[in-house]
file work_13.tsv (TSV, C-alpha atoms)
chain	number	residue	atom	x	y	z
N	16	MET	CA	23.37	-21.90	18.30
N	17	ASN	CA	24.20	-18.90	16.13
N	18	VAL	CA	22.02	-15.87	15.39
N	19	LEU	CA	20.50	-17.38	12.25
N	20	GLU	CA	19.42	-20.60	13.99
N	21	PHE	CA	18.15	-18.68	17.01
N	22	THR	CA	16.12	-16.34	14.76
N	23	ILE	CA	14.52	-19.21	12.82
N	24	LEU	CA	13.64	-21.11	16.00
N	25	VAL	CA	12.08	-18.05	17.67
N	26	TRP	CA	10.21	-17.30	14.43
N	27	LEU	CA	8.73	-20.83	14.33
N	28	PHE	CA	7.66	-20.73	17.98
N	29	SER	CA	6.09	-17.29	17.45
N	30	LEU	CA	4.24	-18.49	14.36
N	31	ILE	CA	2.70	-21.39	16.30
N	32	ALA	CA	1.97	-19.22	19.34
N	33	GLY	CA	0.25	-16.60	17.17
N	34	PHE	CA	-1.78	-19.28	15.38
N	35	LEU	CA	-2.95	-21.03	18.56
N	36	GLY	CA	-3.47	-17.72	20.36
N	37	ALA	CA	-5.87	-16.48	17.67
N	38	LEU	CA	-7.59	-19.83	17.32
N	39	THR	CA	-8.30	-20.07	21.04
N	40	GLY	CA	-8.92	-16.37	21.59
N	41	LEU	CA	-6.29	-16.23	24.33
N	42	GLY	CA	-3.83	-14.12	22.32
N	43	GLY	CA	-0.43	-15.29	21.10
N	44	GLY	CA	1.60	-12.72	23.00
N	45	ILE	CA	0.75	-14.28	26.31
N	46	VAL	CA	2.94	-17.37	25.79
N	47	ILE	CA	5.84	-15.66	23.98
N	48	THR	CA	7.41	-14.01	27.02
N	49	PRO	CA	7.41	-17.21	29.14
N	50	LEU	CA	8.73	-19.20	26.15
N	51	LEU	CA	11.55	-16.75	25.46
N	52	THR	CA	12.60	-16.55	29.11
N	53	LEU	CA	12.15	-20.21	30.09
N	54	ALA	CA	13.17	-22.03	26.89
N	55	PHE	CA	15.66	-19.61	25.35
N	56	GLY	CA	17.02	-17.96	28.49
N	57	VAL	CA	16.28	-14.46	27.22
N	58	ASP	CA	16.27	-11.67	29.82
N	59	ILE	CA	12.64	-10.98	30.73
N	60	ARG	CA	12.94	-7.27	29.84
N	61	TYR	CA	13.99	-8.05	26.25
N	62	ALA	CA	11.24	-10.69	26.07
N	63	ILE	CA	8.57	-8.21	27.21
N	64	GLY	CA	9.78	-5.56	24.75
N	65	ALA	CA	9.62	-8.02	21.83
N	66	THR	CA	6.17	-9.29	22.82
N	67	LEU	CA	4.79	-5.76	23.15
N	68	VAL	CA	5.69	-5.05	19.53
N	69	SER	CA	3.96	-8.22	18.34
N	70	VAL	CA	0.85	-7.29	20.36
N	71	ILE	CA	0.60	-4.01	18.41
N	72	ALA	CA	0.94	-5.89	15.12
N	73	THR	CA	-1.79	-8.46	15.81
N	74	SER	CA	-4.16	-5.95	17.37
N	75	SER	CA	-3.86	-3.56	14.42
N	76	GLY	CA	-4.12	-6.38	11.90
N	77	ALA	CA	-7.25	-7.82	13.50
N	78	ALA	CA	-8.82	-4.42	14.22
N	79	ALA	CA	-8.53	-3.55	10.53
N	80	ALA	CA	-10.94	-6.42	9.83
N	81	TYR	CA	-13.23	-5.83	12.81
N	82	VAL	CA	-13.94	-2.12	12.28
N	83	ARG	CA	-15.29	-2.89	8.81
N	84	GLU	CA	-17.87	-5.27	10.25
N	85	GLY	CA	-19.28	-2.55	12.50
N	86	PHE	CA	-19.01	-4.31	15.87
N	87	SER	CA	-16.47	-2.10	17.59
N	88	ASN	CA	-17.64	1.08	19.30
N	89	ILE	CA	-15.09	3.80	18.56
N	90	ARG	CA	-16.42	6.22	21.20
N	91	ILE	CA	-16.27	3.69	24.04
N	92	GLY	CA	-12.82	2.61	22.87
N	93	MET	CA	-11.47	6.16	22.63
N	94	PHE	CA	-12.84	7.20	26.03
N	95	LEU	CA	-11.45	4.13	27.81
N	96	GLU	CA	-8.10	4.57	26.06
N	97	ILE	CA	-7.49	7.58	28.31
N	98	ALA	CA	-7.43	5.12	31.21
N	99	THR	CA	-5.47	2.36	29.46
N	100	THR	CA	-2.74	4.60	28.00
N	101	VAL	CA	-2.10	6.45	31.26
N	102	GLY	CA	-2.10	3.06	33.03
N	103	ALA	CA	0.30	1.65	30.42
N	104	ILE	CA	2.83	4.42	31.02
N	105	VAL	CA	2.57	3.93	34.79
N	106	GLY	CA	3.09	0.17	34.27
N	107	ALA	CA	6.06	0.70	31.96
N	108	PHE	CA	7.74	2.96	34.53
N	109	LEU	CA	7.00	0.42	37.27
N	110	ALA	CA	8.71	-2.25	35.16
N	111	ALA	CA	11.99	-0.37	35.60
N	112	LYS	CA	11.59	-0.18	39.39
N	113	ILE	CA	10.56	-3.77	40.14
N	114	SER	CA	13.02	-6.70	40.12
N	115	THR	CA	12.81	-9.15	37.21
N	116	ALA	CA	11.99	-11.95	39.69
N	117	ALA	CA	8.93	-10.04	40.91
N	118	ILE	CA	7.85	-9.33	37.32
N	119	GLY	CA	8.11	-13.07	36.63
N	120	VAL	CA	5.87	-13.93	39.59
N	121	ILE	CA	3.27	-11.27	38.69
N	122	PHE	CA	3.38	-12.49	35.08
N	123	GLY	CA	2.67	-16.06	36.24
N	124	ILE	CA	-0.31	-14.98	38.35
N	125	VAL	CA	-1.82	-12.89	35.54
N	126	LEU	CA	-1.27	-15.81	33.15
N	127	LEU	CA	-3.15	-18.20	35.46
N	128	HIS	CA	-5.98	-15.70	35.82
N	129	SER	CA	-6.29	-15.23	32.04
N	130	ALA	CA	-6.38	-18.97	31.47
N	131	TYR	CA	-9.15	-19.22	34.08
N	132	VAL	CA	-11.23	-16.33	32.72
N	133	SER	CA	-11.09	-17.53	29.15
N	134	SER	CA	-11.93	-21.12	30.10
N	135	ARG	CA	-15.33	-20.02	31.37
N	136	PRO	CA	-18.16	-19.60	28.87
N	137	ARG	CA	-19.10	-16.03	28.10
N	138	ARG	CA	-22.76	-15.22	27.97
N	139	ASP	CA	-24.41	-11.93	27.21
N	140	ARG	CA	-26.16	-10.46	30.21
N	141	ALA	CA	-29.83	-9.69	29.81
N	142	LEU	CA	-30.10	-6.37	28.00
N	143	ASP	CA	-30.91	-3.60	30.43
N	144	SER	CA	-32.58	-0.72	28.68
N	145	ARG	CA	-32.36	1.80	31.52
N	146	PRO	CA	-30.17	4.66	30.34
N	147	ASP	CA	-27.05	5.54	32.30
N	148	PRO	CA	-26.81	9.36	32.35
N	149	LEU	CA	-23.00	9.41	32.09
N	150	ALA	CA	-22.97	6.97	29.16
N	151	THR	CA	-25.67	9.04	27.47
N	152	ARG	CA	-23.69	12.22	27.91
N	153	LEU	CA	-20.62	10.49	26.46
N	154	LYS	CA	-22.73	9.23	23.53
N	155	MET	CA	-21.63	5.64	24.10
N	156	ASP	CA	-24.89	3.77	23.46
N	157	GLY	CA	-24.83	2.13	20.06
N	158	SER	CA	-26.03	-0.76	17.96
N	159	TYR	CA	-24.39	-3.73	16.27
N	160	PRO	CA	-25.32	-5.95	13.32
N	161	ALA	CA	-27.16	-9.12	14.39
N	162	PRO	CA	-28.86	-11.76	12.22
N	163	GLU	CA	-32.22	-10.11	12.94
N	164	GLY	CA	-30.99	-6.59	12.06
N	165	PRO	CA	-29.22	-3.77	13.95
N	166	THR	CA	-29.55	-4.37	17.70
N	167	ALA	CA	-29.30	-1.42	20.09
N	168	TYR	CA	-27.50	-1.64	23.43
N	169	ARG	CA	-26.90	0.66	26.37
N	170	VAL	CA	-23.71	1.12	28.35
N	171	HIS	CA	-23.53	0.98	32.16
N	172	ALA	CA	-21.14	1.64	35.03
N	173	VAL	CA	-18.76	3.90	33.10
N	174	PRO	CA	-16.64	4.87	36.16
N	175	ALA	CA	-16.13	1.22	37.19
N	176	GLY	CA	-15.19	0.29	33.63
N	177	PHE	CA	-12.79	3.23	33.48
N	178	GLY	CA	-11.10	2.15	36.73
N	179	LEU	CA	-10.73	-1.45	35.59
N	180	MET	CA	-9.27	-0.24	32.30
N	181	PHE	CA	-6.63	1.74	34.17
N	182	GLY	CA	-5.67	-1.55	35.87
N	183	ALA	CA	-5.59	-3.33	32.50
N	184	GLY	CA	-3.29	-0.59	31.21
N	185	VAL	CA	-0.88	-0.96	34.15
N	186	MET	CA	-0.71	-4.75	33.56
N	187	SER	CA	-0.15	-4.19	29.86
N	188	GLY	CA	2.71	-1.75	30.48
N	189	LEU	CA	4.30	-3.85	33.19
N	190	LEU	CA	4.11	-7.21	31.41
N	191	GLY	CA	3.91	-6.31	27.71
N	192	ILE	CA	0.64	-8.15	27.16
N	193	GLY	CA	-2.71	-7.05	25.77
N	194	SER	CA	-4.54	-7.63	29.10
N	195	GLY	CA	-7.51	-9.01	27.22
N	196	ALA	CA	-8.83	-10.83	30.29
N	197	VAL	CA	-9.14	-7.68	32.42
N	198	LYS	CA	-10.60	-5.72	29.53
N	199	VAL	CA	-13.24	-8.40	29.06
N	200	ILE	CA	-14.22	-8.19	32.74
N	201	ALA	CA	-14.48	-4.41	32.50
N	202	MET	CA	-16.65	-4.40	29.39
N	203	ASP	CA	-18.68	-7.63	29.79
N	204	GLN	CA	-19.31	-7.59	33.51
N	205	ALA	CA	-19.17	-3.92	34.52
N	206	MET	CA	-20.31	-2.01	31.45
N	207	ARG	CA	-22.50	-4.88	30.22
N	208	LEU	CA	-21.69	-4.62	26.53
N	209	PRO	CA	-22.76	-7.40	24.15
N	210	PHE	CA	-19.72	-9.65	23.94
N	211	LYS	CA	-19.13	-9.22	20.21
N	212	VAL	CA	-18.89	-5.49	20.87
N	213	SER	CA	-16.60	-5.87	23.87
N	214	THR	CA	-14.28	-8.36	22.14
N	215	THR	CA	-13.74	-6.21	19.07
N	216	THR	CA	-13.57	-2.92	20.97
N	217	SER	CA	-11.01	-4.41	23.37
N	218	ASN	CA	-8.93	-5.61	20.42
N	219	PHE	CA	-9.19	-2.13	18.94
N	220	MET	CA	-7.88	-0.60	22.18
N	221	ILE	CA	-4.99	-3.04	22.69
N	222	GLY	CA	-2.91	-1.52	19.88
N	223	VAL	CA	-3.14	2.02	21.29
N	224	THR	CA	-2.47	0.81	24.83
N	225	ALA	CA	0.57	-1.21	23.73
N	226	ALA	CA	1.86	1.76	21.68
N	227	ALA	CA	1.87	3.87	24.86
N	228	SER	CA	4.04	1.38	26.74
N	229	ALA	CA	6.15	0.56	23.67
N	230	GLY	CA	7.20	4.21	23.51
N	231	VAL	CA	8.57	4.01	27.04
N	232	TYR	CA	10.21	0.61	26.39
N	233	LEU	CA	11.84	1.86	23.20
N	234	THR	CA	13.33	4.98	24.75
N	235	ARG	CA	14.58	2.92	27.67
N	236	GLY	CA	16.37	0.45	25.38
N	237	TYR	CA	14.23	-2.63	26.12
N	238	ILE	CA	13.23	-3.25	22.51
N	239	ASP	CA	15.95	-5.25	20.76
N	240	PRO	CA	15.39	-5.22	16.99
N	241	SER	CA	17.03	-8.59	16.31
N	242	LEU	CA	14.84	-10.32	18.92
N	243	ALA	CA	11.58	-8.44	18.18
N	244	MET	CA	11.98	-9.14	14.44
N	245	PRO	CA	11.34	-12.92	14.45
N	246	VAL	CA	8.67	-12.56	17.15
N	247	MET	CA	6.68	-9.99	15.19
N	248	LEU	CA	7.16	-11.69	11.81
N	249	GLY	CA	5.97	-14.97	13.36
N	250	VAL	CA	3.05	-13.89	15.52
N	251	LEU	CA	1.49	-11.65	12.83
N	252	PRO	CA	0.94	-14.22	10.04
N	253	GLY	CA	0.22	-16.94	12.62
N	254	SER	CA	-2.59	-14.97	14.21
N	255	LEU	CA	-4.04	-13.82	10.89
N	256	VAL	CA	-4.30	-17.42	9.66
N	257	GLY	CA	-5.65	-18.52	13.06
N	258	ALA	CA	-8.39	-15.88	12.94
N	259	ARG	CA	-9.42	-17.05	9.45
N	260	ILE	CA	-9.76	-20.66	10.53
N	261	LEU	CA	-11.48	-19.74	13.80
N	262	ALA	CA	-14.88	-19.40	12.15
N	263	ARG	CA	-15.10	-23.07	11.19
N	264	ALA	CA	-12.91	-24.81	13.75
N	265	GLN	CA	-13.92	-26.91	16.74
N	266	THR	CA	-11.88	-25.11	19.35
N	267	LYS	CA	-13.11	-26.67	22.58
N	268	LEU	CA	-10.37	-29.30	22.90
N	269	LEU	CA	-7.76	-26.90	21.54
N	270	ARG	CA	-8.70	-24.27	24.13
N	271	LEU	CA	-8.33	-26.87	26.84
N	272	ILE	CA	-4.88	-27.94	25.65
N	273	PHE	CA	-3.69	-24.37	25.21
N	274	GLY	CA	-5.14	-23.52	28.64
N	275	VAL	CA	-3.09	-26.32	30.21
N	276	VAL	CA	0.05	-25.13	28.40
N	277	ILE	CA	-0.53	-21.62	29.75
N	278	ALA	CA	-1.09	-22.90	33.28
N	279	VAL	CA	2.17	-24.90	33.16
N	280	LEU	CA	4.10	-21.89	31.83
N	281	ALA	CA	2.51	-19.73	34.55
N	282	LEU	CA	3.64	-22.09	37.34
N	283	GLU	CA	7.13	-22.26	35.81
N	284	MET	CA	7.33	-18.46	35.76
N	285	ILE	CA	6.24	-18.23	39.39
N	286	TYR	CA	8.69	-20.97	40.40
N	287	HIS	CA	11.59	-19.41	38.51
N	288	GLY	CA	10.74	-16.00	39.93
N	289	LEU	CA	10.56	-17.25	43.51
N	290	SER	CA	13.77	-19.24	43.23
N	291	GLY	CA	15.51	-16.16	41.84
N	292	ARG	CA	16.40	-17.60	38.45
N	293	LEU	CA	14.80	-14.93	36.30
C	14	MET	CA	-31.98	13.71	11.23
C	15	ALA	CA	-28.89	14.42	13.25
C	16	HIS	CA	-28.59	10.81	14.32
C	17	SER	CA	-28.56	9.19	10.88
C	18	GLY	CA	-26.01	11.81	9.76
C	19	ARG	CA	-23.72	10.75	12.59
C	20	ALA	CA	-24.14	7.06	11.80
C	21	TRP	CA	-23.07	7.62	8.23
C	22	THR	CA	-19.95	9.54	9.20
C	23	ASP	CA	-19.07	6.98	11.88
C	24	LYS	CA	-19.28	4.21	9.31
C	25	ARG	CA	-17.02	6.09	6.92
C	26	MET	CA	-14.58	6.86	9.71
C	27	GLU	CA	-14.41	3.16	10.61
C	28	LEU	CA	-13.63	2.18	7.02
C	29	ILE	CA	-10.81	4.71	6.74
C	30	ILE	CA	-9.39	3.60	10.10
C	31	GLY	CA	-9.45	-0.01	8.91
C	32	ASP	CA	-7.47	0.89	5.77
C	33	LEU	CA	-5.05	3.02	7.79
C	34	LEU	CA	-4.30	0.18	10.22
C	35	ARG	CA	-3.81	-2.36	7.45
C	36	ALA	CA	-1.48	-0.07	5.49
C	37	GLY	CA	0.57	0.67	8.62
C	38	VAL	CA	1.04	-2.98	9.53
C	39	VAL	CA	1.92	-4.04	5.97
C	40	LEU	CA	4.44	-1.21	5.58
C	41	ALA	CA	6.02	-1.92	8.98
C	42	ALA	CA	6.30	-5.65	8.27
C	43	ALA	CA	7.91	-4.97	4.87
C	44	VAL	CA	10.56	-2.70	6.41
C	45	VAL	CA	11.26	-5.26	9.17
C	46	VAL	CA	11.71	-8.01	6.55
C	47	ALA	CA	14.15	-5.83	4.59
C	48	GLY	CA	16.11	-5.12	7.78
C	49	ALA	CA	16.05	-8.80	8.73
C	50	ILE	CA	17.68	-9.77	5.43
C	51	LEU	CA	20.42	-7.15	5.84
C	52	TYR	CA	21.02	-8.20	9.44
C	53	LEU	CA	21.03	-11.97	8.92
C	54	VAL	CA	23.28	-11.81	5.86
C	55	ARG	CA	25.88	-9.87	7.84
C	56	HIS	CA	25.48	-11.25	11.36
C	57	GLY	CA	23.76	-14.62	10.93
C	58	HIS	CA	26.81	-16.52	12.14
C	59	SER	CA	27.62	-14.53	15.25
C	60	LEU	CA	26.34	-15.55	18.68
C	61	PRO	CA	23.14	-14.24	20.28
C	62	HIS	CA	23.44	-12.32	23.55
C	63	TYR	CA	20.04	-12.07	25.17
C	64	ARG	CA	20.80	-13.78	28.48
C	65	VAL	CA	22.43	-10.70	29.88
C	66	PHE	CA	20.49	-7.49	29.82
C	67	ARG	CA	22.55	-4.52	28.67
C	68	GLY	CA	19.89	-2.29	27.12
C	69	GLU	CA	20.04	-1.05	23.57
C	70	PRO	CA	22.70	1.47	22.45
C	71	SER	CA	21.44	5.04	22.48
C	72	ASP	CA	21.11	5.25	18.67
C	73	LEU	CA	18.39	2.56	18.78
C	74	ARG	CA	16.41	4.38	21.47
C	75	SER	CA	15.42	7.65	19.79
C	76	VAL	CA	13.55	8.47	16.59
C	77	SER	CA	16.45	10.50	15.16
C	78	GLY	CA	19.02	7.81	16.00
C	79	ILE	CA	16.92	5.06	14.44
C	80	VAL	CA	16.35	7.04	11.24
C	81	ALA	CA	20.10	7.77	10.96
C	82	ASP	CA	20.97	4.07	11.44
C	83	ALA	CA	18.33	2.98	8.93
C	84	LEU	CA	19.60	5.46	6.32
C	85	ALA	CA	23.08	4.02	6.80
C	86	LEU	CA	21.45	0.64	5.96
C	87	ARG	CA	22.45	-0.99	9.23
C	88	GLY	CA	20.27	-4.10	9.55
C	89	ARG	CA	19.27	-3.52	13.16
C	90	GLY	CA	18.51	0.12	12.42
C	91	VAL	CA	16.23	-0.79	9.51
C	92	ILE	CA	14.39	-3.36	11.67
C	93	GLN	CA	13.98	-0.78	14.44
C	94	LEU	CA	12.58	1.69	11.89
C	95	GLY	CA	9.97	-0.91	10.94
C	96	LEU	CA	9.09	-1.41	14.62
C	97	LEU	CA	8.83	2.36	15.01
C	98	LEU	CA	6.40	2.47	12.05
C	99	LEU	CA	4.39	-0.25	13.77
C	100	ILE	CA	4.24	1.74	17.02
C	101	ALA	CA	3.28	4.81	14.99
C	102	THR	CA	0.31	3.02	13.37
C	103	PRO	CA	-2.06	3.24	16.37
C	104	VAL	CA	-0.79	6.79	16.98
C	105	ALA	CA	-1.75	7.74	13.41
C	106	ARG	CA	-5.13	6.14	14.00
C	107	VAL	CA	-5.72	8.37	17.05
C	108	ALA	CA	-4.50	11.46	15.17
C	109	PHE	CA	-6.92	10.70	12.35
C	110	SER	CA	-9.75	10.31	14.87
C	111	VAL	CA	-9.10	13.83	16.18
C	112	VAL	CA	-9.71	15.20	12.67
C	113	ALA	CA	-12.73	12.96	12.09
C	114	PHE	CA	-14.41	14.00	15.35
C	115	ALA	CA	-13.65	17.64	14.56
C	116	LEU	CA	-15.36	17.27	11.15
C	117	GLN	CA	-18.37	15.80	12.96
C	118	ARG	CA	-18.27	18.83	15.31
C	119	ASP	CA	-18.16	16.41	18.22
C	120	HIS	CA	-16.18	18.69	20.54
C	121	LEU	CA	-16.38	16.36	23.52
C	122	TYR	CA	-14.63	13.57	21.61
C	123	VAL	CA	-12.12	15.93	20.03
C	124	VAL	CA	-10.98	16.66	23.59
C	125	VAL	CA	-11.06	12.96	24.62
C	126	THR	CA	-9.00	11.97	21.57
C	127	LEU	CA	-6.53	14.84	22.04
C	128	ILE	CA	-5.86	13.61	25.60
C	129	VAL	CA	-5.08	10.10	24.29
C	130	LEU	CA	-2.84	11.56	21.57
C	131	GLY	CA	-1.04	13.67	24.17
C	132	VAL	CA	-0.33	10.62	26.34
C	133	LEU	CA	1.03	8.71	23.33
C	134	ILE	CA	3.32	11.55	22.27
C	135	PHE	CA	4.49	11.95	25.87
C	136	SER	CA	5.57	8.28	25.92
C	137	LEU	CA	7.27	8.35	22.51
C	138	THR	CA	9.29	11.52	23.03
C	139	GLY	CA	11.27	9.87	25.77
C	140	ALA	CA	9.47	11.25	28.78
C	141	ARG	CA	11.54	10.49	31.85
C	142	LEU	CA	10.01	10.56	35.31
call {"tool": "encode", "arguments": {"input": "work_13.tsv", "output": "structure tokens"}}
result
Amino acid sequence: MNVLEFTILVWLFSLIAGFLGALTGLGGGIVITPLLTLAFGVDIRYAIGATLVSVIATSSGAAAAYVREGFSNIRIGMFLEIATTVGAIVGAFLAAKISTAAIGVIFGIVLLHSAYVSSRPRRDRALDSRPDPLATRLKMDGSYPAPEGPTAYRVHAVPAGFGLMFGAGVMSGLLGIGSGAVKVIAMDQAMRLPFKVSTTTSNFMIGVTAAASAGVYLTRGYIDPSLAMPVMLGVLPGSLVGARILARAQTKLLRLIFGVVIAVLALEMIYHGLSGRL
Amino acid sequence: MAHSGRAWTDKRMELIIGDLLRAGVVLAAAVVVAGAILYLVRHGHSLPHYRVFRGEPSDLRSVSGIVADALALRGRGVIQLGLLLLIATPVARVAFSVVAFALQRDHLYVVVTLIVLGVLIFSLTGARL
């Protein structure tokens, strides 16, 4: 297989991964690293660097559409980005200290957890109108467009959300993923945001978080242009088309299939890591 | 009403951020495509080498090195410049937010946003711990 064939093959896989990732809401980046390492034998550090770049592309592309609709809360996003960016740099430095086998095992576990979290239905918690003094001081309470007009919401448990976001940042920097699953827990469960708000705000934050770790990866020489190129050029159009179709697609079966694929990849990563083949 | 004034500015800020992100991604993708063509025309028939990790050469690790390679029209350098533009897109978004919050006289969020910008610049300038 020469460079041209390799590039086209990786591009096709990334296109499909981006498409299915957007359609199922699980994110395309999450399967790219296991695919590159397991199917193409790419070193996991190159694979993570390439995926990180594609995460920035899809997050920025999708966020461009979301901010216009008025769901994302820029103040919440900006405040929590302090936690995610610092976490991302810590994670990126950790990635240089930990063996590739250990990274593979951690990646597998996080993958299994994400598949589990996103397989469960998300429901908005009952709106709690008691003000949280910290959230009030940080001017986080907001409103979002609903069919019946602008709906106000209040934000809770800011310190817990901040702590969880630091963890999401570390995961993102260590594994080159968006850490959507942890972000969702932080914003849905702890801070009790309406889920349209948490989904779009989390997407908005992913780009900035990934940029923080990408800086470290780039200066350390983990981002290979000829590998990142087909990944980015595949995932970006794939996920944009997937997001368009999402509105009218029946995704239940698709989510299940993609969830199974992720679980299999996760077990493979753990197995390869434990048997020292990564 | 102070509140409705803020809502209007927030809305406008969101629209500009949306345009900024879209422009950044489109520009980055275009540069990567141009680099890809240069690279594949010249090196399409050589063999890939990703099994063994060697790390990138130093010219592909720093902003100045990447710009120099891209100006010399080396395919990999041009691609890396596109990736750098992509990484810079969220950074530009944060930088713009600093200005927008300052125009709103929201001093608390000017500080919050400056912290985020500082962390991003720290990571990009090759901070070594």
call {"tool": "closest_residue", "arguments": {"input": "work_13.tsv", "among": "N:Leu189, N:Leu179, N:Ile277, N:Ala167", "to": "Lys112 of chain N", "atoms": "all atoms listed in the file"}}
result
N:Leu189
call {"tool": "closest_atom_pairs", "arguments": {"input": "work_13.tsv", "of": "chain C", "to": "chain N", "cutoff": "8 Å", "atoms": "only C-alpha atoms", "output": "Markdown table"}}
result
| residue | atom | partner | partner_atom | distance |
| --- | --- | --- | --- | --- |
| C:Lys24 | CA | N:Gly85 | CA | 7.5 |
| C:Glu27 | CA | N:Val82 | CA | 5.6 |
| C:Leu28 | CA | N:Arg83 | CA | 5.6 |
| C:Ile30 | CA | N:Ala79 | CA | 7.2 |
| C:Gly31 | CA | N:Ala79 | CA | 4.0 |
| C:Asp32 | CA | N:Ala79 | CA | 6.6 |
| C:Leu33 | CA | N:Ala79 | CA | 7.9 |
| C:Leu34 | CA | N:Ser75 | CA | 5.6 |
| C:Arg35 | CA | N:Ala79 | CA | 5.8 |
| C:Val38 | CA | N:Ala72 | CA | 6.3 |
| C:Ala42 | CA | N:Leu248 | CA | 7.1 |
| C:Val45 | CA | N:Met244 | CA | 6.6 |
| C:Val46 | CA | N:Leu248 | CA | 7.9 |
| C:Ala49 | CA | N:Met244 | CA | 7.0 |
| C:Tyr52 | CA | N:Ser241 | CA | 8.0 |
| C:Leu53 | CA | N:Leu19 | CA | 6.4 |
| C:His56 | CA | N:Val18 | CA | 7.0 |
| C:Gly57 | CA | N:Leu19 | CA | 4.5 |
| C:His58 | CA | N:Asn17 | CA | 5.3 |
| C:Ser59 | CA | N:Asn17 | CA | 5.6 |
| C:Leu60 | CA | N:Asn17 | CA | 4.7 |
| C:Pro61 | CA | N:Val18 | CA | 5.3 |
| C:Tyr63 | CA | N:Val57 | CA | 4.9 |
| C:Arg64 | CA | N:Val57 | CA | 4.7 |
| C:Val65 | CA | N:Asp58 | CA | 6.2 |
| C:Phe66 | CA | N:Asp58 | CA | 5.9 |
| C:Gly68 | CA | N:Gly236 | CA | 4.8 |
| C:Glu69 | CA | N:Gly236 | CA | 4.4 |
| C:Pro70 | CA | N:Gly236 | CA | 7.0 |
| C:Ser71 | CA | N:Gly236 | CA | 7.4 |
| C:Leu73 | CA | N:Gly236 | CA | 7.2 |
| C:Arg74 | CA | N:Thr234 | CA | 4.5 |
| C:Ser75 | CA | N:Thr234 | CA | 6.0 |
| C:Arg89 | CA | N:Pro240 | CA | 5.7 |
| C:Gly90 | CA | N:Pro240 | CA | 7.7 |
| C:Ile92 | CA | N:Pro240 | CA | 5.7 |
| C:Gln93 | CA | N:Pro240 | CA | 5.3 |
| C:Leu96 | CA | N:Val68 | CA | 7.0 |
| C:Leu99 | CA | N:Ala72 | CA | 6.7 |
| C:Ile100 | CA | N:Ala226 | CA | 5.2 |
| C:Ala101 | CA | N:Ala226 | CA | 7.5 |
| C:Thr102 | CA | N:Ser75 | CA | 7.9 |
| C:Pro103 | CA | N:Val223 | CA | 5.2 |
| C:Val104 | CA | N:Val223 | CA | 6.8 |
| C:Leu121 | CA | N:Leu153 | CA | 7.8 |
| C:Tyr122 | CA | N:Arg90 | CA | 7.6 |
| C:Val125 | CA | N:Phe94 | CA | 6.2 |
| C:Thr126 | CA | N:Met93 | CA | 6.4 |
| C:Ile128 | CA | N:Ile97 | CA | 6.8 |
| C:Val129 | CA | N:Ile97 | CA | 5.3 |
| C:Val132 | CA | N:Val101 | CA | 6.7 |
| C:Leu133 | CA | N:Ala227 | CA | 5.1 |
| C:Ser136 | CA | N:Gly230 | CA | 5.0 |
| C:Leu137 | CA | N:Gly230 | CA | 4.3 |
| C:Thr138 | CA | N:Gly230 | CA | 7.6 |
| C:Gly139 | CA | N:Thr234 | CA | 5.4 |
| C:Ala140 | CA | N:Val231 | CA | 7.5 |
| C:Leu142 | CA | N:Phe108 | CA | 8.0 |
call {"tool": "residues_around", "arguments": {"input": "work_13.tsv", "residues": "segment 23-33 of chain N", "least_positions_apart": "6", "cutoff": "7 Å", "atoms": "only C-alpha atoms", "output": "PDB file with C-alpha atoms, in the frame of the given file"}}
result
ATOM      1  CA  GLY N  43      -0.430 -15.290  21.100  1.00  0.00           C
ATOM      2  CA  VAL N  46       2.940 -17.370  25.790  1.00  0.00           C
ATOM      3  CA  ILE N  47       5.840 -15.660  23.980  1.00  0.00           C
ATOM      4  CA  PRO N 245      11.340 -12.920  14.450  1.00  0.00           C
ATOM      5  CA  VAL N 246       8.670 -12.560  17.150  1.00  0.00           C
ATOM      6  CA  LEU N 248       7.160 -11.690  11.810  1.00  0.00           C
ATOM      7  CA  GLY N 249       5.970 -14.970  13.360  1.00  0.00           C
ATOM      8  CA  VAL N 250       3.050 -13.890  15.520  1.00  0.00           C
ATOM      9  CA  LEU N 251       1.490 -11.650  12.830  1.00  0.00           C
ATOM     10  CA  PRO N 252       0.940 -14.220  10.040  1.00  0.00           C
ATOM     11  CA  GLY N 253       0.220 -16.940  12.620  1.00  0.00           C
ATOM     12  CA  SER N 254      -2.590 -14.970  14.210  1.00  0.00           C
TER      13      SER N 254
END
call {"tool": "closest_residue", "arguments": {"input": "work_13.tsv", "among": "C:Ala108, C:Ile79, C:Val123, C:Leu98", "to": "Leu40 of chain C", "atoms": "all atoms listed in the file"}}
result
C:Leu98
call {"tool": "atom_distance", "arguments": {"input": "work_13.tsv", "atom1": "atom CA of Ala130 of chain N", "atom2": "atom CA of Ala172 of chain N"}}
result
25.6 Å
call {"tool": "atom_distance", "arguments": {"input": "work_13.tsv", "atom1": "atom CA of Leu84 of chain C", "atom2": "atom CA of Gly48 of chain C"}}
result
11.2 Å
call {"tool": "residues_around", "arguments": {"input": "work_13.tsv", "residues": "Ala117 of chain N", "least_positions_apart": "5", "cutoff": "12 Å", "atoms": "all atoms listed in the file", "output": "list in words"}}
result
Ile59, Leu109, Ala110, Ala111, Lys112, Phe122, Gly123, Ile124, Leu189, Leu190, Met284, Ile285, Tyr286, His287, Gly288, Leu289, Ser290, Gly291, Arg292 and Leu293 of chain N
call {"tool": "axis_aligned_box", "arguments": {"input": "work_13.tsv", "around": "segment 110-127 of chain N", "padding_each_side": "5 Å", "output": "AutoDock Vina command-line options"}}
result
--center_x 4.9 --center_y -9.2 --center_z 37.0 --size_x 26.2 --size_y 28.0 --size_z 17.8
